[in-house]
Every structure is written in structure tokens, then in C-alpha cells.
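**Student:** Please find my_file25.pdb (PDB, C-alpha atoms) on the next line:
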```
MODEL        1
ATOM      1  CA  MET A  21     -75.986 -40.509  -7.741
ATOM      2  CA  VAL A  22     -73.356 -38.357  -6.096
ATOM      3  CA  ASP A  23     -70.781 -35.930  -7.310
ATOM      4  CA  ALA A  24     -67.787 -37.601  -9.011
ATOM      5  CA  ALA A  25     -65.352 -35.581  -6.899
ATOM      6  CA  ARG A  26     -66.995 -36.834  -3.691
ATOM      7  CA  ALA A  27     -66.851 -40.416  -4.951
ATOM      8  CA  ARG A  28     -63.153 -40.019  -5.782
ATOM      9  CA  LYS A  29     -62.413 -38.573  -2.328
ATOM     10  CA  LEU A  30     -64.244 -41.451  -0.671
ATOM     11  CA  ALA A  31     -62.352 -43.964  -2.818
ATOM     12  CA  ASP A  32     -59.042 -42.353  -1.805
ATOM     13  CA  ARG A  33     -60.028 -42.471   1.868
ATOM     14  CA  ILE A  34     -61.035 -46.129   1.576
ATOM     15  CA  GLN A  35     -57.668 -46.879  -0.021
ATOM     16  CA  GLN A  36     -55.858 -45.219   2.896
ATOM     17  CA  VAL A  37     -57.916 -47.032   5.525
ATOM     18  CA  VAL A  38     -57.441 -50.431   3.865
ATOM     19  CA  ALA A  39     -53.679 -49.878   3.519
ATOM     20  CA  GLU A  40     -53.384 -48.886   7.193
ATOM     21  CA  MET A  41     -55.446 -51.884   8.266
ATOM     22  CA  LEU A  42     -53.293 -54.292   6.272
ATOM     23  CA  GLU A  43     -50.129 -52.751   7.632
ATOM     24  CA  ARG A  44     -51.049 -52.462  11.310
ATOM     25  CA  ARG A  45     -54.096 -54.455  12.374
ATOM     26  CA  ILE A  46     -54.443 -57.548  10.173
ATOM     27  CA  LYS A  47     -52.053 -60.193  11.522
ATOM     28  CA  ASP A  48     -52.927 -63.094   9.244
ATOM     29  CA  PRO A  49     -49.785 -65.160   8.467
ATOM     30  CA  ARG A  50     -51.093 -65.842   4.948
ATOM     31  CA  LEU A  51     -50.964 -62.134   4.160
ATOM     32  CA  GLY A  52     -47.955 -61.467   1.964
ATOM     33  CA  PHE A  53     -46.211 -58.263   0.976
ATOM     34  CA  VAL A  54     -49.331 -56.381  -0.204
ATOM     35  CA  THR A  55     -49.551 -52.987  -1.857
ATOM     36  CA  VAL A  56     -52.935 -51.328  -2.328
ATOM     37  CA  THR A  57     -52.676 -49.734  -5.779
ATOM     38  CA  ASP A  58     -56.127 -48.269  -6.431
ATOM     39  CA  THR A  59     -59.710 -48.131  -5.250
ATOM     40  CA  ARG A  60     -62.756 -47.611  -7.436
ATOM     41  CA  ILE A  61     -66.229 -46.937  -6.121
ATOM     42  CA  THR A  62     -69.556 -47.079  -7.923
ATOM     43  CA  PRO A  63     -71.423 -43.787  -8.441
ATOM     44  CA  ASP A  64     -74.051 -44.776  -5.858
ATOM     45  CA  LEU A  65     -71.280 -45.398  -3.252
ATOM     46  CA  ARG A  66     -72.562 -48.933  -2.569
ATOM     47  CA  ASP A  67     -69.658 -51.047  -3.894
ATOM     48  CA  ALA A  68     -65.922 -50.428  -3.746
ATOM     49  CA  THR A  69     -63.257 -52.452  -5.520
ATOM     50  CA  VAL A  70     -59.825 -52.392  -3.912
ATOM     51  CA  TYR A  71     -56.965 -53.281  -6.285
ATOM     52  CA  TYR A  72     -53.808 -54.728  -4.792
ATOM     53  CA  THR A  73     -50.534 -56.334  -5.831
ATOM     54  CA  VAL A  74     -48.540 -58.990  -4.037
ATOM     55  CA  PHE A  75     -44.795 -59.361  -4.262
ATOM     56  CA  GLY A  76     -44.078 -63.066  -4.595
ATOM     57  CA  SER A  77     -45.147 -66.264  -6.292
ATOM     58  CA  GLU A  78     -48.580 -67.424  -7.418
ATOM     59  CA  ALA A  79     -48.984 -69.422  -4.197
ATOM     60  CA  GLU A  80     -48.349 -66.288  -2.126
ATOM     61  CA  ARG A  81     -50.887 -64.411  -4.236
ATOM     62  CA  ALA A  82     -53.486 -67.100  -3.594
ATOM     63  CA  ASP A  83     -52.742 -67.085   0.155
ATOM     64  CA  THR A  84     -53.012 -63.304   0.263
ATOM     65  CA  ALA A  85     -56.330 -63.386  -1.614
ATOM     66  CA  ALA A  86     -57.672 -65.868   0.951
ATOM     67  CA  ALA A  87     -56.408 -63.698   3.846
ATOM     68  CA  LEU A  88     -58.035 -60.577   2.385
ATOM     69  CA  GLU A  89     -61.298 -62.421   1.867
ATOM     70  CA  SER A  90     -61.354 -63.595   5.479
ATOM     71  CA  ALA A  91     -60.496 -60.111   6.827
ATOM     72  CA  LYS A  92     -63.031 -58.343   4.611
ATOM     73  CA  GLY A  93     -65.594 -57.852   7.416
ATOM     74  CA  ILE A  94     -63.116 -56.285   9.844
ATOM     75  CA  ILE A  95     -61.752 -54.000   7.144
ATOM     76  CA  ARG A  96     -65.258 -52.973   6.051
ATOM     77  CA  SER A  97     -66.321 -52.094   9.592
ATOM     78  CA  GLU A  98     -63.177 -49.973  10.040
ATOM     79  CA  VAL A  99     -63.856 -48.241   6.693
ATOM     80  CA  GLY A 100     -67.387 -47.429   7.899
ATOM     81  CA  ARG A 101     -66.126 -46.115  11.219
ATOM     82  CA  GLN A 102     -63.423 -43.879   9.700
ATOM     83  CA  THR A 103     -65.369 -42.525   6.710
ATOM     84  CA  GLY A 104     -68.631 -41.785   8.500
ATOM     85  CA  VAL A 105     -70.869 -42.491   5.505
ATOM     86  CA  ARG A 106     -74.434 -43.654   6.110
ATOM     87  CA  HIS A 107     -74.000 -46.887   4.151
ATOM     88  CA  THR A 108     -70.553 -48.507   4.217
ATOM     89  CA  PRO A 109     -69.641 -49.766   0.745
ATOM     90  CA  THR A 110     -69.254 -53.467   0.114
ATOM     91  CA  LEU A 111     -65.570 -54.234  -0.444
ATOM     92  CA  THR A 112     -64.274 -56.415  -3.228
ATOM     93  CA  PHE A 113     -60.566 -57.215  -3.417
ATOM     94  CA  SER A 114     -59.121 -57.678  -6.884
ATOM     95  CA  HIS A 115     -55.566 -58.461  -7.909
ATOM     96  CA  ASP A 116     -54.194 -55.609 -10.041
ATOM     97  CA  PRO A 117     -52.685 -56.958 -13.291
ATOM     98  CA  LEU A 118     -50.995 -53.645 -14.120
ATOM     99  CA  PRO A 119     -47.508 -54.508 -12.760
ATOM    100  CA  ASP A 120     -47.560 -57.841 -14.607
ATOM    101  CA  ASN A 121     -48.572 -56.098 -17.823
ATOM    102  CA  ALA A 122     -45.837 -53.483 -17.355
ATOM    103  CA  ARG A 123     -43.248 -56.209 -16.792
ATOM    104  CA  HIS A 124     -44.399 -57.991 -19.957
ATOM    105  CA  LEU A 125     -44.158 -54.757 -21.965
ATOM    106  CA  ASP A 126     -40.628 -54.153 -20.623
ATOM    107  CA  GLU A 127     -39.627 -57.640 -21.766
ATOM    108  CA  LEU A 128     -41.087 -57.010 -25.230
ATOM    109  CA  LEU A 129     -39.268 -53.664 -25.511
ATOM    110  CA  ALA A 130     -35.963 -55.266 -24.479
ATOM    111  CA  GLU A 131     -36.469 -57.961 -27.108
ATOM    112  CA  ALA A 132     -37.218 -55.327 -29.772
ATOM    113  CA  ARG A 133     -34.056 -53.377 -28.817
ATOM    114  CA  ALA A 134     -31.971 -56.549 -29.120
ATOM    115  CA  ARG A 135     -33.419 -57.241 -32.575
ATOM    116  CA  ASP A 136     -32.763 -53.647 -33.661
ATOM    117  CA  GLU A 137     -29.124 -53.905 -32.555
ATOM    118  CA  GLU A 138     -28.787 -57.212 -34.423
ATOM    119  CA  ILE A 139     -30.185 -55.663 -37.610
ATOM    120  CA  ALA A 140     -27.942 -52.599 -37.222
ATOM    121  CA  LYS A 141     -24.864 -54.857 -36.980
ATOM    122  CA  LYS A 142     -25.899 -56.700 -40.146
ATOM    123  CA  ALA A 143     -26.518 -53.417 -41.964
ATOM    124  CA  GLU A 144     -23.106 -51.874 -41.128
ATOM    125  CA  GLY A 145     -21.221 -53.327 -44.107
ATOM    126  CA  ALA A 146     -24.166 -53.501 -46.485
ATOM    127  CA  VAL A 147     -24.265 -51.603 -49.779
ATOM    128  CA  HIS A 148     -27.222 -50.665 -51.954
ATOM    129  CA  ALA A 149     -28.154 -53.083 -54.732
ATOM    130  CA  GLY A 150     -28.658 -50.264 -57.245
ATOM    131  CA  GLU A 151     -27.697 -46.629 -57.200
ATOM    132  CA  ALA A 152     -27.141 -44.998 -53.834
ATOM    133  CA  ASP A 153     -29.914 -42.492 -54.592
ATOM    134  CA  PRO A 154     -32.472 -44.088 -56.954
ATOM    135  CA  TYR A 155     -34.716 -41.009 -57.119
ATOM    136  CA  ARG A 156     -34.466 -38.441 -59.888
ATOM    137  CA  ARG A 157     -34.337 -34.815 -58.928
ATOM    138  CA  PRO A 158     -36.506 -32.251 -60.758
ATOM    139  CA  ASP A 159     -33.466 -30.274 -61.985
ATOM    140  CA  GLU A 160     -31.961 -33.445 -63.525
ATOM    141  CA  GLU A 161     -35.203 -34.138 -65.426
ATOM    142  CA  ASP A 162     -35.234 -30.595 -66.839
ATOM    143  CA  ASP A 163     -31.650 -30.891 -68.071
ATOM    144  CA  GLU A 164     -32.217 -34.280 -69.673
ATOM    145  CA  ALA A 165     -35.511 -33.243 -71.323
ATOM    146  CA  GLY A 166     -33.955 -30.061 -72.693
ATOM    147  CA  ASP A 167     -30.937 -31.957 -74.056
ATOM    148  CA  ASP A 168     -33.098 -34.477 -75.937
ATOM    149  CA  LEU A 169     -34.957 -31.726 -77.792
ATOM    150  CA  GLY A 170     -31.931 -29.617 -78.484
ATOM    151  CA  GLY A 171     -32.935 -26.982 -75.966
ATOM    152  CA  MET A 172     -36.052 -26.054 -77.891
ATOM    153  CA  ALA A 173     -38.660 -27.173 -75.382
ATOM    154  CA  GLU A 174     -40.608 -24.521 -73.543
ATOM    155  CA  PRO A 175     -42.551 -25.144 -70.344
ATOM    156  CA  THR A 176     -46.269 -24.390 -70.330
ATOM    157  CA  THR A 177     -48.468 -23.330 -67.433
ATOM    158  CA  ASP A 178     -49.778 -26.872 -66.879
ATOM    159  CA  GLY A 179     -46.259 -28.336 -66.545
ATOM    160  CA  ALA A 180     -46.184 -29.972 -70.025
ATOM    161  CA  ARG A 181     -43.492 -29.115 -72.587
ATOM    162  CA  ARG A 182     -44.180 -27.659 -75.977
ATOM    163  CA  THR A 183     -41.610 -27.892 -78.757
ATOM    164  CA  ALA A 184     -40.910 -24.742 -80.717
ATOM    165  CA  LEU A 185     -40.860 -25.226 -84.536
TER     166      LEU A 185
ENDMDL
END
```
Take the structure in this file and express it as C-alpha cells.
**Tutor:**
Amino acid sequence: MVDAARARKLADRIQQVVAEMLERRIKDPRLGFVTVTDTRITPDLRDATVYYTVFGSEAERADTAAALESAKGIIRSEVGRQTGVRHTPTLTFSHDPLPDNARHLDELLAEARARDEEIAKKAEGAVHAGEADPYRRPDEEDDEAGDDLGGMAEPTTDGARRTAL
């Protein structure tokens, strides 16, 4: 096992190398508009997972996945050459679902806002079914209780009322 900081630095360097390779050296026509979003490496530095997103349709995503799979060996050898580690990690390319999840959450939030506006429009002219303020206030209870007993009730320390005779 290695230090977590070293593993993170190596993962960042792998991400940079892979992004440069996809931008400059890999000329596969199946490769779409790819963005390398993250790289995770195991604590023993043997396996690295490279997360990517593809701008486009599902067919373009599938073509890009096939292009990345076929270029995996070239990319791995370049990662080994540029990082200088004794054992070059095995690369696994994985589509990053984060942008899709974020888009779905944005759609849900927009739908919730629309429903809130609809409810606010319905509530503009609405009136309460009962009193506007259905809760009794403590000072109103004291006045009413004192009036019923003719003002002869005295409070006790436990909050109950005792009638003077």
C-alpha cells in the first residue's frame, strides 16, 4: 500500500496523460467529443479507472467506448512512459454518469418550480376555512379564565389555578 496523496497525484497525472493522448495522438474516427472527468486508482497502484463523458447520442457513446477500448494499449504505454512508475496500472475506461444525473436533477427541480408556481397562483385568492389565526394566545386564555371565575382565580407555582373562597 502507498500513501493516499501519492496515489491521488498519480491518478491526476494519468488523467492528464489520457486527456492529452485523446486530444493529440489518437486519430480514431469513432472517437467522439470526449472529456476525461476523473481518474481513480487502487491503493496498490495496479488498476486505474478513467471516467469520461461523451457529448452526443447513445450511438456516439458506444462508438467512443469501442475506440477507447481499442486504443487502451497505446494509452497505457504512454502513461507508463510519462509517469515513470515501475508497474504501469491497467486502465479501465468507464462512462461517467454524473452529467446525466445532474441533467435529470435539473429537470426534476424545474418541474418542482413549475408546480410551486401553479400552487401559488391557486392560493392567491384563497381564504381560510375557519378563523385567520386558529391558535389561542396565552394572554387571551388568562383573560377568559379570569372572567369566568369573576377575577377570583389565583395562579399557583405549578401553573394550575386555585379559586379563592
**Student:** List the residues selected by the PyMOL selection byres ((chain A and resi 27-38) around 8) in the file shown, writing them as a VMD selection string.
**Tutor:** chain A and resid 22 to 26 39 to 42 56 58 to 63 65 68 70 95 98 to 99 102 to 103
**Student:** Using all atoms listed in the file, which of the listed residues (A:Asp126, A:Ala82, A:Gly76, A:Phe53) sits closest to A:Ser114?
**Tutor:**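 Smallest distance to A:Ser114 is found for A:Ala82.
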**Student:** Need the shell around stretch 86-91 of chain A: protein/DNA/RNA residues with any atom at most 8 Å away, counting only C-alpha atoms. Skip same-chain ones fewer than 2 positions apart. Format as a count of residues only?
**Tutor:** 11
**Student:** Separation of atom CA of A:Glu78 and atom CA of A:Pro119, in Å?
**Tutor:**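 Distance reported for this atom pair: 14.0 Å.
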**Student:** Figure out the distance between atom CA of A:Ala132 and atom CA of A:Thr57, please, to one decimal in Å.
**Tutor:**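 Those two atoms sit 29.1 Å apart.
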**Student:** What is the atom CA of A:Arg66-atom CA of A:Val54 distance in Å, reported with one decimal?
**Tutor:** 24.5 Å
**Student:** Ranking A:Arg135, A:Arg81, A:Lys142, A:His148 by minimum distance to A:Pro117 and counting all atoms listed in the file, which one comes first?
**Tutor:** A:Arg81
**Student:** Go through A:Ala130, A:Asp153, A:Ala146, A:His107 and flag the residue nearest A:Asp64, using only C-alpha atoms for the distances.
**Tutor:**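 Nearest to A:Asp64: A:His107.
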**Student:** If we count all atoms listed in the file and set the cut-off at 8 Å, which residues sit around A:Asp116, ignoring sequence neighbours fewer than 4 positions away in its own chain? Please answer as a list in words.
**Tutor:**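 Listing them by chain and then by number gives Thr57, Tyr71, Tyr72 and Thr73 of chain A.
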**Student:** Just need the box for stretch 97-100 of chain A, edges along x, y and z, holding every atom the file lists for it with 4 Å tacked onto each side, so centre and edge lengths in Å to one decimal, as lines of an AutoDock Vina configuration file.
**Tutor:**
```
center_x = -65.3
center_y = -49.8
center_z = 8.4
size_x = 12.2
size_y = 12.7
size_z = 11.3
```
